Structure formats: C-alpha cells, structure tokens
There are 2 protein chains.
Amino acid sequence: MSTPLSDITVIDLSHVLAGPYCTMMLSDLGARVIKIERPGLGDDTRAFPPFRGSESAYFATINRGKESIALDLKNPDDRALFEQMLPKADVLVENFRPGVMERLGYGWEDLHAKYPRLIYAAVSGFGHTGPDAQKPAYDMVVQARGGVMSITGEKDREPVRVGASVGDIIAGSFLSTGVIAALYERTQTGQGRKIDVAMLDSQIAILEHAVAITGETGIPPAPSGARHPSITPFETFHAKNGLFVIAAGNDVLFAKMCEVLGLGPLLEDPRFASNAARCKHVKILKRLIETVTLARKKKHWLKRLDAAGVPCAAIQNVAEAMSDPQILARNMVVELAAPDGGKPFLAAGNPIKISGMDDTLKDARAPTLDGDRQAVLDWLSEG
Amino acid sequence: MSTPLSDITVIDLSHVLAGPYCTMMLSDLGARVIKIERPGLGDDTRAFPPFRGSESAYFATINRGKESIALDLKNPDDRALFEQMLPKADVLVENFRPGVMERLGYGWEDLHAKYPRLIYAAVSGFGHTGPDAQKPAYDMVVQARGGVMSITGEKDREPVRVGASVGDIIAGSFLSTGVIAALYERTQTGQGRKIDVAMLDSQIAILEHAVAITGETGIPPAPSGARHPSITPFETFHAKNGLFVIAAGNDVLFAKMCEVLGLGPLLEDPRFASNAARCKHVKILKRLIETVTLARKKKHWLKRLDAAGVPCAAIQNVAEAMSDPQILARNMVVELAAPDGGKPFLAAGNPIKISGMDDTLKDARAPTLDGDRQAVLDWLSEG
C-alpha cells in the first residue's frame with residue numbers, strides 16, 4: 001500500500017515532544033525519519049516512565065517508525081557524517097532554543113545557501129522572532145500564557161491545565177502541515193523554506209470563539225466547567241452510576257431529548273422555548289433533567305438518546321476509550337513491537353486515514369539508541 | 001510574497017467548525033477556497049454571536065480569505081454549476097454525516113472515477129467506518145468519549161471540558177495535513193485520494209502520555225488540576241495578586257528557582273533532592289513556595305524567574321493574551337476587514353510561519369453570502 005510521503009527523508013534533531021510529534025506524523029504518512037540523538041543518553045524521553053525493562057513506553061509511542069543514530073554535533077567526525085546527510089535529506093526538524101543551530105554552524109541561512117532544496121522546520125516555545133524568543137518554555141507555560149487555561153476549569157475556581165499536552169502537540173501538528181506545504185511547493189520551485197512554529201502562537205490559534213468574543217466585547221470569557229458557554233443543554237448530567245454528556249445543540253434536538261426523558265411538558269414552558277431562554281434558565285433545566293436521569297444508569301439513557309439521534313456520550317476514562325469498539329474499529333489503538341520481542345506497546349494510531357494507505361503501523365517499532373547507524377551509513381554510501 | 005499553496009483551488013462544502021478550520025488553514029497557506037453555502041441562510045455560524053450589525057464576528061474569523069457562492073445541491077441548475085467546478089478544483093472538503101455525499105451523487109467513488117486528480121477530504125464525528133459512523137457528534141461529545149475530559153479538571157471533582165473546541169479544531173488541523181500530503185503525492189502519481197478524519201480519533205491522537213501509562217499499567221490517569229502529573233514543581237502558585245505558573249522541569253531549574261525565592265535551604269532537604277522525592281512531597285513543597293510567593297506580586301516573581309532562566313508564566317486571560325507583546329510581535333492577532341468598512345474584526349493569526357510568506361492576512365476578509373458568484377462564474381468560463 002502506498003503512503004504519500006514514501007520518497008521523503010527527514011533528519012530529526014528534535015527531542016521530547018513537539019518536534020518528535022511532528023516527525024511521528026510525517027513517519028505515519030510514510031516518510032523515512034532519521035532521529036539524531038546525543039551519544040550515551042539519547043532523547044530525554046528515553047528516561048521517562050512508564051518503563052518496560054529499560055525501555056520507555058512513552059518514548060516508544062512517540063518515536064515509532066523512526067531510525068536512530070547517535071551523533072555529537074560538536075565532534076568533527078560526527079559533524080562530517082551529519083554534513084553527508086544534509087544534501088540527501090528533504091527536511092530537517094529541530095526544536096532547540098533559537099540560536100542553537102546557528103552556533104553549531106547549521107542555521108537556516110547557512111543551510112539554505114548550501115542545500116537550497118532542504119526544508120528547515122523549527123518548533124520552539126515562543127518562535128524565532130519577538131522579544132521573548134530566547135525564553136524557555138514547557139507545555140504548561142504556554143497553556144497559561146496563551147489563555148487556554150483561563151477558559152478551562154470551573155467557574156469561580158482556579159483554572160486547570162488541559163490534561164493532554166496540547167501546548168506541544170498542536171504545535172507539532174501545525175509544523176507537520178507547514179513542512180508538507182513546503183514539500184508541495186518545492187515540487188514547483190525547487191526551493192526549500194524555513195518553517196517557524198511557536199508553541200505559544202499555536203495556543204492562540206486554537207482559542208477560536210474566545211478570540212471573537214474578546215475582540216468584539218473586550219471581555220475575556222471565563223471557564224464554564226463542563227458546559228458549553230452558549231448552548232443549552234450541552235453539558236454533563238448525572239445518571240445513577242455516573243456522568244454523561246448530552247449535547248442538544250438546537251430546538252429539534254432539545255425536543256427529541258425531552259421526549260426520550262419523558263419531559264414533554266418542558267416544551268410548553270416559555271423558560272425553555274429557545275436556546276437563549278434555556279441559557280438563561282440553565283440551572284433549573286439541569287435540575288429538571290437530572291431528576292429524571294438520576295433514576296437510571298448511563299447505558300439506559302445513552303441507548304435511548306442515541307436511538308433518537310440526540311448527540312450524547314459517556315465520559316470515558318482513557319482505559320475505556322482505548323477499548324471503545326468505534327475507536328478500535330478505526331485502528332486508533334495500535335500495537336508497536338517491543339524491542340525485547342515481548343508484549344507490544346499500545347499507542348494511539350494515525351488519525352489521518354487515507355484511502356489505500358495501511359494505518360495499522362504494524363512495522364513501526366521505535367529505535368534503540370544508535371540502532372540504525374549501519375543503515376544510515378549504507379544510505380550515505382549509495383550513489 | 002509567495003505562498004506554498006497559491007496554485008491550489010479548494011471547493012469547501014463544510015460548515016460550522018472542523019471543516020472550515022481546515023480550509024482556513026489551507027487559505028492561510030495561499031489556497032483559493034470557494035465556500036459553497038446553502039442559499040438563504042448560508043453556514044450556520046453566520047447566525048452565531050458575537051455580531052457586528054448583521055455580521056457574525058465568529059463567522060468572519062474562521063472564514064477569512066474564502067469566497068462564497070450559494071448553491072443548492074438538490075437543484076439541477078446548481079448541480080450543473082457545481083459539476084463545472086469539480087474538474088477545475090484540486091480539493092473538495094466536506095463535513096456532512098457519512099453517506100450524505102453519496103446520496104447527492106457526489107460520493108468519493110463516483111467523484112474519483114470522474115475526476116481522478118481530485119482530492120476528497122472528509123471530517124466527521126466518528127469517521128466513515130466503524131459501528132458508530134452514522135452517529136451525530138459535537139465537540140463536547142468527542143471530548144467526553146475520547147478520554148480528554150477524564151484527565152482535565154481537579155482531582156476528586158467532576159471533569160471539565162477543554163475551554164477551546166479541541167474536538168473540532170484538532171480534527172480540522174489533521175485534515176489539513178492529510179490534504180497537503182495528498183497534494184504532494186499527486187505531483188508524482190497524478191491521482192487524488194480520500195482523506196477521512198474523525199473528531200473522535202483525533203482526541204485519541206492527542207492523549208499521548210495517558211495512552212502509554214494506561215497501556216502499560218492498565219490504570220487510566222486521573223485529572224491533576226493545574227499541575228503536571230509527574231514533574232514537581234510544575235504547577236500554579238499564588239502571588240499577592242493572583243496565580244502564576246512555575247515549570248521547574250529538572251534539578252538544575254529547581255535549584256535556580258530556590259535561589260530566586262530565597263529557598264536555598266530546600267536544596268539540602270532530602271524530601272526535595274530529586275524529582276521523584278519532590279513528587280512525593282508535592283503538597284508541603286507547594287506550601288513552602290507559596291509562603292514566599294504570596295508576599296509579592298506576580299510581576300516581581302516572573303521578572304526574577306525569567307532572568308534566572310526558570311520557565312514561568314502568568315495565567316493570562318484571553319484579553320491579556322491578545323495584547324501580549326510576544327504574541328503581537330508574531331502577528332498572532334490580526335485585523336480582518338469588516339464588510340461594512342468599519343472597525344476590523346480581530347482574529348487569531350496563522351501559526352505556521354514560513355520564510356518569505358506574508359502572515360498579516362491583510363486581505364483576508366470573510367465573504368458575504370454568495371458574494372463571489374460572479375468571480376466563480378468568470379473562473380468557470382476561463383478556458
């Protein structure tokens with residue numbers, strides 16, 4: 001089965017998460033990714049739990065399908081090897097602090113002059129320009145500064161971080177879009193480009209509604225817990241055995257929901273006659289709905305709401321999500337071969353499903369440190 | 001200034017958010033996007049607040065740079081016009097429920113047979129395959145079902161939704177990656193592909209650490225409020241005038257932090273001698289740190305921590321983020337011309353910065369409904 005990026009080679013100097021997430025996406029789409037790691041220790045995440053023997057499951061899931069060679073870019077022999085790789089590669093990915101590549105002699109200007117076809121992709125906390133370009137960042141720093149935390153959490157309580165590392169991951173995803181756009185453009189121009197993605201910028205790019213509201217009213221939105229700020233009912237409700245979500249996004253769905261719950265009389269009540277009215281009376285409406293939903297288990301309600309076409313869902317924990325039949329049917333939990341040949345690591349699958357492309361990632365094991373040195377040397381000695 | 005996708009034309013049948021977010025990204029990278037809307041009403045989001053007169057600021061920010069033509073794909077004349085567009089387009093984007101395009105006679109199989117170069121991009125709640133493909137979904141449904149809500153919020157309290165619509169937005173972003181990968185591949189094969197991205201799949205794809213943990217231990221992680229689950233100190237702290245984040249991700253940064261806060265003696269304390277030890281004593285450590293930080297304002301601490309190279313940030317609301325000098329320096333808040341010629345709409349900028357590409361989006365106004373009909377007709381009549 002063909003993959004769109006099967007003729008592309010990526011040199012990956014990145015570590016931890018934002019850069020490796022980008023190169024994981026490129027690898028999942030068929031690119032060859034050669035990860036260059038520090039001799040001795042390798043990527044920091046090789047030391048991140050959970051472990052299987054000496055192998056990090058965390059490292060394995062993010063670095064699946066990549067090759068590894070250990071190089072010290074301050075050592076002359078290793079630099080010579082690296083410089084043999086550059087003219088044969090299509091893309092270079094790095095997530096150092098701005099200026100590090102320049103100090104190594106591998107800044108964009110220099111590389112572009114020598115290897116005009118090479119695409120240079122950088123992801124950093126704050127980007128390569130602006131007053132704070134040199135500052136260090138972690139996921140939570142950009143979640144805080146970028147405004148996402150301020151709209152996440154319960155009203156009148158302290159903000160919380162998004163449980164997933166969206167500061168890194170969304171930046172990595174945007175970088176993959178930029179890299180492939182540059183690959184596309186290069187088929188016409190023959191020239192590479194520099195892509196500069198900042199984790200902080202990427203947080204702003206996902207704020208969406210909150211930006212429009214703040215831009216028009218000047219008033220930044222507050223967090224709204226587990227409900228949508230401007231649609232009702234669109235939140236969590238208690239069943240007998242826990243929480244579930246009903247998302248009745250318009251009048252038709254509200255009517256269907258009332259029918260399922262035996263709450264037909266609400267449809268005659270002016271307090272609930274429109275979304276605007278329901279938003280005004282959200283608390284009493286929630287109480288009326290829960291009077292009904294508390295009497296039965298989640299499964300009972302989800303089955304009936306589903307049958308009526310009302311969007312709804314259980315709030316699943318990650319173990320439940322990882323055994324959800326729809327998620328499994330989509331190959332969104334994949335098995336990655338473990339280096340010791342034992343039980344495979346479980347990882348999230350490739351969400352970009354392309355007709356005719358195998359998405360099982362069945363050969364996508366993560367590399368041992370420097371484990372592909374010979375394969376890289378063989379590649380360099382080919383014509 | 002050149003843009004990577006300047007020779008690409010996208011026909012956009014999508015509405016509300018996931019699809020329009022994808023085509024916004026394609027437009028920001030230079031593609032021509034022709035939005036096909038229902039006659040009379042257009043995209044649902046034209047009726048979403050906040051409004052400027054009759055114009056939705058929300059619609060304007062997500063649909064910047066696109067053209068609009070109103071077509072009813074059940075009307076024979078409009079279908080004929082649509083079918084003139086298909087052979088001239090590179091990409092078709094839709095976010096209907098699976099099967100809708102087939103019933104209109106425009107399913108992937110049919111289109112691919114007639115227009116083999118056309119790339120067909122679909123984003124839906126649950127994808128085009130699997131037992132739940134036909135179910136309706138909204139952002140919050142996939143946040144709940146996909147596990148993200150289960151790890152977001154405070155421990156021992158109910159989970160919350162991520163304040164940004166990551167259910168839609170991340171799916172839209174992944175779709176853009178898939179579309180451009182298919183454009184790249186088409187330069188070699190001449191053939192289009194179908195891309196099928198599900199909002200639910202996309203939630204699994206961002207869980208990352210939580211998947212590795214659950215896969216190895218069987219125990220799904222709980223939410224951890226505003227702290228990182230396995231790094232300490234890496235959380236929010238109270239200053240005299242509010243909360244801020246310190247992310248001291250390793251021993252060196254911890255030592256620097258202690259120095260700034262005048263907490264040098266902690267470095268001698270075995271309870272705080274390693275990250276593992278600090279994680280065990282996280283509560284007492286937080287109390288010791290706040291004893292110091294509560295005495296002064298955020299600004300005081302951020303300035304000193306910054307100077308020492310310790311990652312830190314204020315928790316900014318969206319208004320603060322939108323006036324942050326770094327964010328402004330990166331063109332991450334852009335002005336979009338309003339249709340009435342009045343005060344421009346503010347929107348998040350393009351986070352994918354590409355060398356030589358203008359990222360000010362200065363000509364990227366949103367279309368009025370059917371406002372580009374003549375331009376589309378002119379394009380169809382060109383050779």
# chains A, B, ... in the order shown; residues from 1 in each chain; ligands from 1
>>> select_by_dssp(residues="range 102-297 of chain B", states="strand (DSSP E)", output="list in words")
Ile119, Tyr120, Ala121, Ala122, Val123, Ser124, Lys194, Ile195, Asp196, Val197, Ala198, Phe234, Glu235, Thr236, Phe237, His238, Ala239, Gly242, Leu243, Phe244, Val245, Ile246 and Ala247 of chain B
>>> residues_around(residues="range 368-379 of chain A", least_positions_apart="4", cutoff="12 Å", atoms="only C-alpha atoms", output="PDB file with N, CA and C atoms, in the first residue's frame")
ATOM      1  N   THR A   9      12.852  11.918   3.028  1.00  0.00           N
ATOM      2  CA  THR A   9      13.720  11.618   4.171  1.00  0.00           C
ATOM      3  C   THR A   9      13.816  12.843   5.075  1.00  0.00           C
ATOM      4  N   ILE A  11      15.567  14.425   8.530  1.00  0.00           N
ATOM      5  CA  ILE A  11      16.574  14.368   9.592  1.00  0.00           C
ATOM      6  C   ILE A  11      15.967  15.056  10.802  1.00  0.00           C
ATOM      7  N   ARG A  32      10.660   8.565   5.708  1.00  0.00           N
ATOM      8  CA  ARG A  32      11.747   7.985   6.485  1.00  0.00           C
ATOM      9  C   ARG A  32      12.250   9.062   7.435  1.00  0.00           C
ATOM     10  N   VAL A  33      12.254   8.759   8.728  1.00  0.00           N
ATOM     11  CA  VAL A  33      12.715   9.730   9.728  1.00  0.00           C
ATOM     12  C   VAL A  33      13.963   9.175  10.408  1.00  0.00           C
ATOM     13  N   ILE A  34      15.058   9.915  10.279  1.00  0.00           N
ATOM     14  CA  ILE A  34      16.310   9.526  10.944  1.00  0.00           C
ATOM     15  C   ILE A  34      16.512  10.457  12.117  1.00  0.00           C
ATOM     16  N   LYS A  35      16.388   9.873  13.301  1.00  0.00           N
ATOM     17  CA  LYS A  35      16.469  10.649  14.537  1.00  0.00           C
ATOM     18  C   LYS A  35      17.927  10.715  14.962  1.00  0.00           C
ATOM     19  N   ILE A  36      18.422  11.911  15.149  1.00  0.00           N
ATOM     20  CA  ILE A  36      19.797  12.082  15.601  1.00  0.00           C
ATOM     21  C   ILE A  36      19.764  12.357  17.093  1.00  0.00           C
ATOM     22  N   GLU A  37      20.419  11.465  17.858  1.00  0.00           N
ATOM     23  CA  GLU A  37      20.346  11.590  19.318  1.00  0.00           C
ATOM     24  C   GLU A  37      21.739  11.797  19.911  1.00  0.00           C
ATOM     25  N   ARG A  38      21.752  12.384  21.108  1.00  0.00           N
ATOM     26  CA  ARG A  38      23.003  12.557  21.855  1.00  0.00           C
ATOM     27  C   ARG A  38      23.614  11.199  22.156  1.00  0.00           C
ATOM     28  N   PRO A  39      24.897  11.008  21.907  1.00  0.00           N
ATOM     29  CA  PRO A  39      25.524   9.741  22.312  1.00  0.00           C
ATOM     30  C   PRO A  39      25.342   9.518  23.816  1.00  0.00           C
ATOM     31  N   GLY A  40      25.146   8.278  24.182  1.00  0.00           N
ATOM     32  CA  GLY A  40      25.055   7.939  25.606  1.00  0.00           C
ATOM     33  C   GLY A  40      23.641   7.957  26.144  1.00  0.00           C
ATOM     34  N   LEU A  41      23.007   9.125  26.115  1.00  0.00           N
ATOM     35  CA  LEU A  41      21.688   9.247  26.736  1.00  0.00           C
ATOM     36  C   LEU A  41      20.534   9.231  25.737  1.00  0.00           C
ATOM     37  N   GLY A  42      20.769   9.831  24.596  1.00  0.00           N
ATOM     38  CA  GLY A  42      19.680   9.936  23.624  1.00  0.00           C
ATOM     39  C   GLY A  42      18.626  10.936  24.055  1.00  0.00           C
ATOM     40  N   ASP A  43      17.484  10.856  23.405  1.00  0.00           N
ATOM     41  CA  ASP A  43      16.337  11.715  23.709  1.00  0.00           C
ATOM     42  C   ASP A  43      15.993  11.610  25.199  1.00  0.00           C
ATOM     43  N   ASP A  44      15.734  12.770  25.838  1.00  0.00           N
ATOM     44  CA  ASP A  44      15.345  12.783  27.258  1.00  0.00           C
ATOM     45  C   ASP A  44      14.229  11.797  27.576  1.00  0.00           C
ATOM     46  N   THR A  45      13.314  11.620  26.626  1.00  0.00           N
ATOM     47  CA  THR A  45      12.142  10.799  26.938  1.00  0.00           C
ATOM     48  C   THR A  45      12.476   9.313  27.035  1.00  0.00           C
ATOM     49  N   ARG A  46      13.701   8.908  26.646  1.00  0.00           N
ATOM     50  CA  ARG A  46      14.102   7.513  26.903  1.00  0.00           C
ATOM     51  C   ARG A  46      14.142   7.244  28.409  1.00  0.00           C
ATOM     52  N   SER A  54      14.295  -1.661  30.484  1.00  0.00           N
ATOM     53  CA  SER A  54      14.963  -0.359  30.359  1.00  0.00           C
ATOM     54  C   SER A  54      14.329   0.501  29.271  1.00  0.00           C
ATOM     55  N   GLU A  55      13.254   0.011  28.645  1.00  0.00           N
ATOM     56  CA  GLU A  55      12.649   0.753  27.540  1.00  0.00           C
ATOM     57  C   GLU A  55      11.489   1.611  28.036  1.00  0.00           C
ATOM     58  N   SER A  56      11.460   2.854  27.614  1.00  0.00           N
ATOM     59  CA  SER A  56      10.356   3.746  27.960  1.00  0.00           C
ATOM     60  C   SER A  56       9.201   3.530  26.986  1.00  0.00           C
ATOM     61  N   PHE A  59       8.604   6.871  25.232  1.00  0.00           N
ATOM     62  CA  PHE A  59       9.476   7.086  24.068  1.00  0.00           C
ATOM     63  C   PHE A  59       8.993   6.263  22.878  1.00  0.00           C
ATOM     64  N   ALA A  60       8.638   5.008  23.153  1.00  0.00           N
ATOM     65  CA  ALA A  60       8.269   4.078  22.076  1.00  0.00           C
ATOM     66  C   ALA A  60       7.068   4.587  21.287  1.00  0.00           C
ATOM     67  N   ASN A  63       8.017   7.791  19.131  1.00  0.00           N
ATOM     68  CA  ASN A  63       9.123   7.649  18.176  1.00  0.00           C
ATOM     69  C   ASN A  63       9.013   6.405  17.301  1.00  0.00           C
ATOM     70  N   ARG A  64       7.828   5.845  17.251  1.00  0.00           N
ATOM     71  CA  ARG A  64       7.575   4.690  16.403  1.00  0.00           C
ATOM     72  C   ARG A  64       7.955   4.989  14.962  1.00  0.00           C
ATOM     73  N   GLY A  65       8.508   3.961  14.335  1.00  0.00           N
ATOM     74  CA  GLY A  65       8.765   4.058  12.901  1.00  0.00           C
ATOM     75  C   GLY A  65       9.995   4.868  12.526  1.00  0.00           C
ATOM     76  N   LYS A  66      10.688   5.408  13.530  1.00  0.00           N
ATOM     77  CA  LYS A  66      11.873   6.229  13.224  1.00  0.00           C
ATOM     78  C   LYS A  66      13.133   5.386  13.343  1.00  0.00           C
ATOM     79  N   GLU A  67      14.224   5.843  12.702  1.00  0.00           N
ATOM     80  CA  GLU A  67      15.541   5.234  12.884  1.00  0.00           C
ATOM     81  C   GLU A  67      16.350   6.124  13.819  1.00  0.00           C
ATOM     82  N   SER A  68      17.399   5.558  14.409  1.00  0.00           N
ATOM     83  CA  SER A  68      18.227   6.342  15.339  1.00  0.00           C
ATOM     84  C   SER A  68      19.702   6.208  15.031  1.00  0.00           C
ATOM     85  N   ILE A  69      20.378   7.343  15.039  1.00  0.00           N
ATOM     86  CA  ILE A  69      21.847   7.342  15.007  1.00  0.00           C
ATOM     87  C   ILE A  69      22.302   8.355  16.054  1.00  0.00           C
ATOM     88  N   ALA A  70      23.325   7.972  16.813  1.00  0.00           N
ATOM     89  CA  ALA A  70      23.839   8.857  17.861  1.00  0.00           C
ATOM     90  C   ALA A  70      24.972   9.696  17.289  1.00  0.00           C
ATOM     91  N   LEU A  71      24.816  11.015  17.351  1.00  0.00           N
ATOM     92  CA  LEU A  71      25.850  11.930  16.844  1.00  0.00           C
ATOM     93  C   LEU A  71      26.009  13.090  17.817  1.00  0.00           C
ATOM     94  N   ASP A  72      27.269  13.500  17.992  1.00  0.00           N
ATOM     95  CA  ASP A  72      27.576  14.694  18.782  1.00  0.00           C
ATOM     96  C   ASP A  72      27.935  15.801  17.796  1.00  0.00           C
ATOM     97  N   ASP A  78      31.629  13.419  13.728  1.00  0.00           N
ATOM     98  CA  ASP A  78      30.162  13.334  13.672  1.00  0.00           C
ATOM     99  C   ASP A  78      29.572  14.453  12.807  1.00  0.00           C
ATOM    100  N   LEU A  81      29.853  13.431   9.226  1.00  0.00           N
ATOM    101  CA  LEU A  81      28.804  12.471   8.881  1.00  0.00           C
ATOM    102  C   LEU A  81      27.461  13.200   8.677  1.00  0.00           C
ATOM    103  N   PHE A  82      27.158  14.098   9.619  1.00  0.00           N
ATOM    104  CA  PHE A  82      25.925  14.872   9.534  1.00  0.00           C
ATOM    105  C   PHE A  82      25.887  15.654   8.217  1.00  0.00           C
ATOM    106  N   GLN A  84      27.231  14.883   5.478  1.00  0.00           N
ATOM    107  CA  GLN A  84      26.937  13.993   4.353  1.00  0.00           C
ATOM    108  C   GLN A  84      25.438  13.710   4.243  1.00  0.00           C
ATOM    109  N   MET A  85      24.771  13.792   5.371  1.00  0.00           N
ATOM    110  CA  MET A  85      23.322  13.501   5.367  1.00  0.00           C
ATOM    111  C   MET A  85      22.509  14.656   4.776  1.00  0.00           C
ATOM    112  N   LYS A  88      21.324  14.823   1.152  1.00  0.00           N
ATOM    113  CA  LYS A  88      20.445  13.715   0.753  1.00  0.00           C
ATOM    114  C   LYS A  88      19.071  13.795   1.409  1.00  0.00           C
ATOM    115  N   ALA A  89      18.915  14.703   2.368  1.00  0.00           N
ATOM    116  CA  ALA A  89      17.647  14.790   3.105  1.00  0.00           C
ATOM    117  C   ALA A  89      16.718  15.812   2.454  1.00  0.00           C
ATOM    118  N   ALA A 338       7.718  -4.461  20.724  1.00  0.00           N
ATOM    119  CA  ALA A 338       8.667  -4.088  21.775  1.00  0.00           C
ATOM    120  C   ALA A 338      10.057  -4.569  21.374  1.00  0.00           C
ATOM    121  N   PRO A 339      11.107  -3.850  21.799  1.00  0.00           N
ATOM    122  CA  PRO A 339      12.463  -4.213  21.384  1.00  0.00           C
ATOM    123  C   PRO A 339      12.849  -5.623  21.866  1.00  0.00           C
ATOM    124  N   ASP A 340      12.307  -6.053  23.005  1.00  0.00           N
ATOM    125  CA  ASP A 340      12.658  -7.372  23.543  1.00  0.00           C
ATOM    126  C   ASP A 340      11.792  -8.481  22.932  1.00  0.00           C
ATOM    127  N   GLY A 383      25.266   5.822  -4.093  1.00  0.00           N
ATOM    128  CA  GLY A 383      25.447   6.877  -5.115  1.00  0.00           C
ATOM    129  C   GLY A 383      25.244   8.290  -4.743  1.00  0.00           C
TER     130      GLY A 383
END
>>> residues_around(residues="range 1-5 of chain B", least_positions_apart="5", cutoff="7 Å", atoms="only C-alpha atoms", output="list in words")
Ala181, Ala182 and Glu185 of chain A; Leu29, Gly30, Ala31, Gly356, Met357 and Asp358 of chain B
>>> write_last_selection(atoms="C-alpha atoms", output="PDB file, in the first residue's frame")
ATOM      1  CA  ALA A 181       3.091  22.505   2.319  1.00  0.00           C
ATOM      2  CA  ALA A 182       6.744  23.377   1.715  1.00  0.00           C
ATOM      3  CA  GLU A 185       5.677  23.980  -3.119  1.00  0.00           C
TER       4      GLU A 185
ATOM      5  CA  LEU B  29      -1.214  28.999   3.221  1.00  0.00           C
ATOM      6  CA  GLY B  30      -2.350  30.561  -0.043  1.00  0.00           C
ATOM      7  CA  ALA B  31      -5.030  28.242  -1.447  1.00  0.00           C
ATOM      8  CA  GLY B 356       9.193  34.764   2.711  1.00  0.00           C
ATOM      9  CA  MET B 357       5.465  34.390   3.333  1.00  0.00           C
ATOM     10  CA  ASP B 358       3.405  37.357   4.486  1.00  0.00           C
TER      11      ASP B 358
END
>>> atom_distance(atom1="CA of Leu111 in chain B", atom2="CA of Ser6 in chain A")
25.3 Å
>>> closest_residue(among="B:Gly349, B:Pro223, B:Gly192, B:Pro270", to="Arg117 in chain B", atoms="only C-alpha atoms")
B:Gly192
>>> closest_residue(among="A:Ile354, A:Val100, A:Val93, A:Ala308", to="chain B", atoms="only C-alpha atoms")
A:Ile354
>>> closest_residue(among="B:Leu267, B:Val148, B:Leu302, B:Leu336", to="chain A", atoms="only C-alpha atoms")
B:Val148
>>> atom_distance(atom1="CA of Gly218 in chain A", atom2="CA of Asn350 in chain B")
21.6 Å
>>> closest_residue(among="A:His15, A:Arg79, A:Arg278, A:His238", to="Val123 in chain A", atoms="only C-alpha atoms")
A:His15
>>> atom_distance(atom1="CA of Arg227 in chain A", atom2="CA of Ala321 in chain A")
20.8 Å
>>> residues_around(residues="Pro131 in chain B", least_positions_apart="6", cutoff="9 Å", atoms="only C-alpha atoms", output="PyMOL selection string")
chain A and resi 325-326+329
>>> residues_around(residues="Ala314 in chain A", least_positions_apart="6", cutoff="8 Å", atoms="only C-alpha atoms", output="CSV table (one decimal) with N, CA and C atoms, in the first residue's frame")
chain,number,residue,atom,x,y,z
A,243,LEU,N,-21.5,10.2,35.4
A,243,LEU,CA,-21.8,11.3,34.5
A,243,LEU,C,-21.8,11.0,33.0
A,244,PHE,N,-22.6,11.6,32.3
A,244,PHE,CA,-22.6,11.5,30.8
A,244,PHE,C,-23.0,12.9,30.2
A,245,VAL,N,-22.7,13.0,28.9
A,245,VAL,CA,-22.9,14.3,28.2
A,245,VAL,C,-24.1,14.2,27.3
A,298,LYS,N,-26.3,5.2,33.1
A,298,LYS,CA,-25.8,5.8,31.9
A,298,LYS,C,-26.2,5.1,30.6
A,302,LEU,N,-28.0,6.5,27.3
A,302,LEU,CA,-27.3,6.7,26.1
A,302,LEU,C,-27.9,5.9,25.0
B,144,ALA,N,-15.7,14.1,25.6
B,144,ALA,CA,-16.1,13.1,26.7
B,144,ALA,C,-15.7,11.7,26.3
B,145,ARG,N,-16.1,11.3,25.2
B,145,ARG,CA,-15.9,9.9,24.8
B,145,ARG,C,-14.4,9.5,24.5
>>> residues_around(residues="Glu335 in chain A", least_positions_apart="3", cutoff="6 Å", atoms="only C-alpha atoms", output="ChimeraX atom specification")
/A:344-346
>>> write_last_selection(atoms="N, CA and C atoms", output="PDB file, in the first residue's frame")
ATOM      1  N   PRO A 344       3.576  -6.239  22.971  1.00  0.00           N
ATOM      2  CA  PRO A 344       3.755  -4.964  22.273  1.00  0.00           C
ATOM      3  C   PRO A 344       3.306  -3.779  23.125  1.00  0.00           C
ATOM      4  N   PHE A 345       3.883  -2.611  22.823  1.00  0.00           N
ATOM      5  CA  PHE A 345       3.409  -1.365  23.421  1.00  0.00           C
ATOM      6  C   PHE A 345       2.109  -0.949  22.730  1.00  0.00           C
ATOM      7  N   LEU A 346       1.175  -0.428  23.506  1.00  0.00           N
ATOM      8  CA  LEU A 346      -0.032   0.149  22.912  1.00  0.00           C
ATOM      9  C   LEU A 346       0.183   1.653  22.685  1.00  0.00           C
TER      10      LEU A 346
END
>>> select_by_dssp(residues="range 222-294 of chain B", states="alpha helix (DSSP H)", output="JSON, numbers by chain")
{"B": [251, 252, 253, 254, 255, 256, 257, 258, 259, 260, 261, 275, 276, 277, 278, 279, 280, 282, 283, 284, 285, 286, 287, 288, 289, 290, 291, 292, 293]}
>>> residues_around(residues="range 166-170 of chain B", least_positions_apart="2", cutoff="6 Å", atoms="only C-alpha atoms", output="VMD selection string")
chain B and resid 18 139 143 164 172 to 173 199
>>> write_last_selection(atoms="N, CA, C and O atoms", output="PDB file, in the first residue's frame")
ATOM      1  N   ALA B  18     -15.059  22.169  12.203  1.00  0.00           N
ATOM      2  CA  ALA B  18     -13.911  21.310  11.877  1.00  0.00           C
ATOM      3  C   ALA B  18     -13.478  21.485  10.413  1.00  0.00           C
ATOM      4  O   ALA B  18     -12.291  21.690  10.127  1.00  0.00           O
ATOM      5  N   ASP B 139     -18.391  18.800  19.450  1.00  0.00           N
ATOM      6  CA  ASP B 139     -17.114  18.888  20.151  1.00  0.00           C
ATOM      7  C   ASP B 139     -17.136  18.190  21.509  1.00  0.00           C
ATOM      8  O   ASP B 139     -16.280  17.358  21.818  1.00  0.00           O
ATOM      9  N   GLN B 143     -14.909  15.078  23.136  1.00  0.00           N
ATOM     10  CA  GLN B 143     -14.045  15.333  24.302  1.00  0.00           C
ATOM     11  C   GLN B 143     -14.382  14.357  25.434  1.00  0.00           C
ATOM     12  O   GLN B 143     -13.494  13.882  26.147  1.00  0.00           O
ATOM     13  N   ALA B 164     -11.255  25.432  24.882  1.00  0.00           N
ATOM     14  CA  ALA B 164     -11.200  25.584  23.422  1.00  0.00           C
ATOM     15  C   ALA B 164     -11.817  24.335  22.783  1.00  0.00           C
ATOM     16  O   ALA B 164     -11.772  23.247  23.354  1.00  0.00           O
ATOM     17  N   GLY B 172      -9.699  19.322  12.352  1.00  0.00           N
ATOM     18  CA  GLY B 172      -9.506  20.180  11.179  1.00  0.00           C
ATOM     19  C   GLY B 172      -8.037  20.327  10.821  1.00  0.00           C
ATOM     20  O   GLY B 172      -7.658  20.310   9.648  1.00  0.00           O
ATOM     21  N   SER B 173      -7.198  20.442  11.849  1.00  0.00           N
ATOM     22  CA  SER B 173      -5.764  20.577  11.610  1.00  0.00           C
ATOM     23  C   SER B 173      -5.189  19.291  10.999  1.00  0.00           C
ATOM     24  O   SER B 173      -4.423  19.335  10.028  1.00  0.00           O
ATOM     25  N   MET B 199     -13.361  13.242  14.363  1.00  0.00           N
ATOM     26  CA  MET B 199     -13.109  14.040  15.561  1.00  0.00           C
ATOM     27  C   MET B 199     -12.754  13.139  16.753  1.00  0.00           C
ATOM     28  O   MET B 199     -11.858  13.464  17.537  1.00  0.00           O
TER      29      MET B 199
END
>>> closest_residue(among="A:Glu208, A:Val334, A:Glu216, A:Ile151", to="Met322 in chain A", atoms="only C-alpha atoms")
A:Val334
>>> closest_residue(among="A:Ala313, A:Ile231, A:Leu263, A:Ala277", to="chain B", atoms="only C-alpha atoms")
A:Ala313
